[in-house]
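J.: What follows is a single structure, and I will ask about it in a moment.
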Amino acid sequence: MLGTAVIVFRETLEAALIVTIVLAATRGIRGRGTWVGGGIAAGLAGATLIAGAAGAIAGSFEGMGQELFNAGVLLAAVLMLGWHHLWMAEHGRALAGQLRALSESVRAGGETLGALTVAVGLAVLREGAETVLFVQGLSTTEPTKNVLIGVGLGAAGGVVIGTLLYFGLVRIPIRHFFRVTGWLIVALASGLASQAARFLEQANLLPAIVPQMWDTSGVLTETSLPGQLLHVLVGYSARPSALQLVFYVATLAILIIAARLRSIAPTPPRMPSAA
Amino acid sequence: MRSLLVAMLFAVTSLAWADDPTFEITIKDHKFTPSEISVPSNTKIKLVVKNDDATPEEFESKKLNREKVIPGKTQATIFVGPLKPGEYPFVGEYHEKTATGKLIAK
């Protein structure tokens with residue numbers, strides 16, 4: 001039961017943290033709860049379907065279907081987060097520091113609420129499918145009650161961590177708030193890109209270049225709670241390959257540079273109904 | 001950019017897929033057989049993990065930087081390495097107590 005809880009916790013943590021960051025980044029937008037809730041629901045529904053088709057997916061593309069699926073889902077999430085970030089850079093930062101920064105940022109963020117919803121849905125889909133598969137397997141051998149309690153505890157753990165992060169974030173003064181959530185989105189996207197790289201490498205689609213750049217597992221393992229948190233939030237990996245590093249740094253650099261270019265470009269007159 | 005990436009994927013795939021040394025591992029009753037496998041170092045290797053159990057398992061190795069869910073009654077291919085000489089433990093994450101093993105790269 002506890003073992004079940006630990007595994008479900010691990011699987012749900014990433015999705016929970018992504019939901020948290022998206023909720024923070026969309027702070028104040030009307031209807032965000034419905035959007036994000038819808039993303040979670042769609043992700044869960046999709047996860048059940050994917051879990052049902054897991055055998056077929058895993059067997060496709062000469063046994064590399066799972067890696068392609070995971071890499072595709074991760075890269076799609078990176079695109080969605082990146083789009084949101086660049087949109088915010090153009091439309092939000094020009095107004096930073098002004099009195100109406102919050103409402104303006106919020107209006108700008110509203111434009112990409114759909115993209116963020118997709119990112120949430122994809123995170124839930126990917127982590128959820130593995131959880132469903134695991135739980136299905138377990139329920140053939142374990143009493144249903146124990147399985148349900150384990151799943152409940154594990155999922156609750158993920159939600160608790162997410163909630164703590166959220167309330168930590170909302171204490172940040174408004175003036176800096178969207179800058180911080182912007183950094184979080186960039187770091188999150190870079191970490192997801194690095195995970196995608198690992199799947200492409202595992203499927204032998206791209207070369208690892210160097211399989212292990214360093215080994216910091218003696219200092220911080222990915223299985224420890226801080227390690228897992230950093231893994232999701234900034235893409236920490238104790239033994240990354242060079243390919244992962246390339247994907248990470250490329251995503252980070254593209255998003256930082258593009259955001260800077262867009263924020264200093266002369267802003268065209270705002271359209272009257274940007275929201 | 002994306003089409004370039006896709007083109008690269010296909011190029012690399014067609015070049016590299018065939019000839020890597022292959023090793024088979026079977027999961028049965030939540031245990032790996034063989035649980036210790038000697039593999040060559042400094043070359044990429046292909047692991048074929050057959051899951052004979054009805055339940056899914058997740059092949060996971062932190063040291064190999066690999067994880068893959070293997071649904072029940074299916075098999076999975078996982079590419080690893082090139083490895084430096086040494087031991088590389090792996091587990092079945094869903095049954096960590098019994099499903100353990102290691103690659104020994106020589």
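Note on naming: chains are A, B, ... as they come in the structure tokens, residues start from 1 per chain, ligands start from 1 in the order shown.
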Where in region 137-266 of chain A does DSSP assign alpha helix (DSSP H), given as a ChimeraX atom specification?
T.: /A:137-138,144-169,174-202,225-234,242-264
J.: Give me, as a PyMOL selection string, the contact residues of chain B against chain A at a cut-off of 8 Å, counting only C-alpha atoms.
T.: chain B and resi 9-10+12-13+16-17+54-57+62-63+65-66+68-72+74-83+94
J.: Show me, as an MDAnalysis selection string, the residues that have an atom within 9 Å of Ile40 (chain A) when counting only C-alpha atoms, minus same-chain residues fewer than 4 positions from it.
T.: chainID A and resid 19 35:36 44:45 117 120:125
J.: Output C-alpha atoms of each residue in that selection to a file, as a PDB file, in the first residue's frame.
T.:
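Writing the result to result_20.pdb gives the following:
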ATOM      1  CA  VAL A  19      -0.469  22.438 -12.925  1.00  0.00           C
ATOM      2  CA  TRP A  35      -9.590  25.917 -18.328  1.00  0.00           C
ATOM      3  CA  VAL A  36      -6.999  24.221 -16.151  1.00  0.00           C
ATOM      4  CA  LEU A  44      -7.091  11.982 -17.335  1.00  0.00           C
ATOM      5  CA  ALA A  45      -9.559  10.808 -19.962  1.00  0.00           C
ATOM      6  CA  THR A 117      -4.285  24.259 -20.833  1.00  0.00           C
ATOM      7  CA  VAL A 120      -1.435  20.801 -18.450  1.00  0.00           C
ATOM      8  CA  GLY A 121      -3.441  18.208 -20.363  1.00  0.00           C
ATOM      9  CA  LEU A 122      -0.283  16.726 -21.873  1.00  0.00           C
ATOM     10  CA  ALA A 123       1.456  16.491 -18.498  1.00  0.00           C
ATOM     11  CA  VAL A 124      -1.524  14.748 -16.957  1.00  0.00           C
ATOM     12  CA  LEU A 125      -1.843  12.498 -19.999  1.00  0.00           C
TER      13      LEU A 125
END
J.: Which residues, written as an NGL selection string, have at least one atom at most 10 Å from Ser194 (chain A), with only C-alpha atoms counted and residues fewer than 5 positions away on the same chain left out?
T.: :A and (71 or 74-75 or 188-189 or 199-200 or 235-237 or 240-251)
J.: For those residues, write C-alpha atoms to a file as a PDB file, in the first residue's frame.
T.:
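The result, written out as selection_29.pdb:
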ATOM      1  CA  ALA A  71       9.072  12.579 -26.700  1.00  0.00           C
ATOM      2  CA  LEU A  74       7.006  16.417 -24.063  1.00  0.00           C
ATOM      3  CA  LEU A  75       8.058  18.501 -27.060  1.00  0.00           C
ATOM      4  CA  LEU A 188      10.266  23.780 -16.776  1.00  0.00           C
ATOM      5  CA  ALA A 189      10.198  23.800 -20.586  1.00  0.00           C
ATOM      6  CA  PHE A 199      13.586   9.248 -24.894  1.00  0.00           C
ATOM      7  CA  LEU A 200      14.893   9.910 -28.405  1.00  0.00           C
ATOM      8  CA  GLY A 235      15.177  19.684 -15.147  1.00  0.00           C
ATOM      9  CA  TYR A 236      17.771  18.378 -12.701  1.00  0.00           C
ATOM     10  CA  SER A 237      19.317  15.105 -13.766  1.00  0.00           C
ATOM     11  CA  PRO A 240      22.562  13.634 -17.972  1.00  0.00           C
ATOM     12  CA  SER A 241      23.793  12.781 -21.432  1.00  0.00           C
ATOM     13  CA  ALA A 242      25.332  15.375 -23.720  1.00  0.00           C
ATOM     14  CA  LEU A 243      22.229  15.205 -25.925  1.00  0.00           C
ATOM     15  CA  GLN A 244      20.038  16.095 -22.953  1.00  0.00           C
ATOM     16  CA  LEU A 245      22.289  19.027 -22.180  1.00  0.00           C
ATOM     17  CA  VAL A 246      22.082  20.216 -25.786  1.00  0.00           C
ATOM     18  CA  PHE A 247      18.272  20.117 -25.714  1.00  0.00           C
ATOM     19  CA  TYR A 248      18.190  21.821 -22.326  1.00  0.00           C
ATOM     20  CA  VAL A 249      20.558  24.634 -23.188  1.00  0.00           C
ATOM     21  CA  ALA A 250      19.039  25.141 -26.642  1.00  0.00           C
ATOM     22  CA  THR A 251      15.516  25.505 -25.211  1.00  0.00           C
TER      23      THR A 251
END
J.: At a cut-off of 9 Å, using only C-alpha atoms, what residues contact Thr100 (chain B)? Leave out same-chain residues fewer than 3 positions from it and give the result as a ChimeraX atom specification.
T.: /B:30-32,35,89-92,95-97
J.: Keeping N, CA and C atoms, export the residues of the selection given above as a tab-separated table (two decimals), in the first residue's frame.
T.:
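For reference, out16.tsv as written:
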chain	number	residue	atom	x	y	z
B	30	HIS	N	7.87	-11.25	-11.55
B	30	HIS	CA	8.47	-10.01	-11.05
B	30	HIS	C	9.95	-10.16	-10.74
B	31	LYS	N	10.62	-11.04	-11.52
B	31	LYS	CA	12.08	-11.18	-11.38
B	31	LYS	C	12.71	-11.13	-12.77
B	32	PHE	N	13.96	-10.65	-12.82
B	32	PHE	CA	14.68	-10.63	-14.09
B	32	PHE	C	15.50	-11.89	-14.27
B	35	SER	N	19.69	-12.17	-14.14
B	35	SER	CA	19.71	-10.94	-13.36
B	35	SER	C	21.06	-10.23	-13.45
B	89	PRO	N	23.23	-1.22	-12.05
B	89	PRO	CA	22.03	-1.87	-11.52
B	89	PRO	C	20.76	-1.36	-12.19
B	90	PHE	N	19.77	-2.23	-12.29
B	90	PHE	CA	18.45	-1.81	-12.75
B	90	PHE	C	17.39	-2.50	-11.91
B	91	VAL	N	16.20	-1.94	-11.90
B	91	VAL	CA	15.09	-2.53	-11.14
B	91	VAL	C	13.82	-2.49	-11.97
B	92	GLY	N	12.86	-3.31	-11.56
B	92	GLY	CA	11.50	-3.13	-12.05
B	92	GLY	C	10.82	-2.23	-11.04
B	95	HIS	N	7.96	-3.44	-8.90
B	95	HIS	CA	8.21	-4.53	-7.94
B	95	HIS	C	9.67	-4.49	-7.50
B	96	GLU	N	10.02	-3.37	-6.86
B	96	GLU	CA	11.42	-3.09	-6.60
B	96	GLU	C	12.08	-4.10	-5.66
B	97	LYS	N	11.28	-4.81	-4.87
B	97	LYS	CA	11.86	-5.74	-3.90
B	97	LYS	C	12.40	-6.98	-4.60
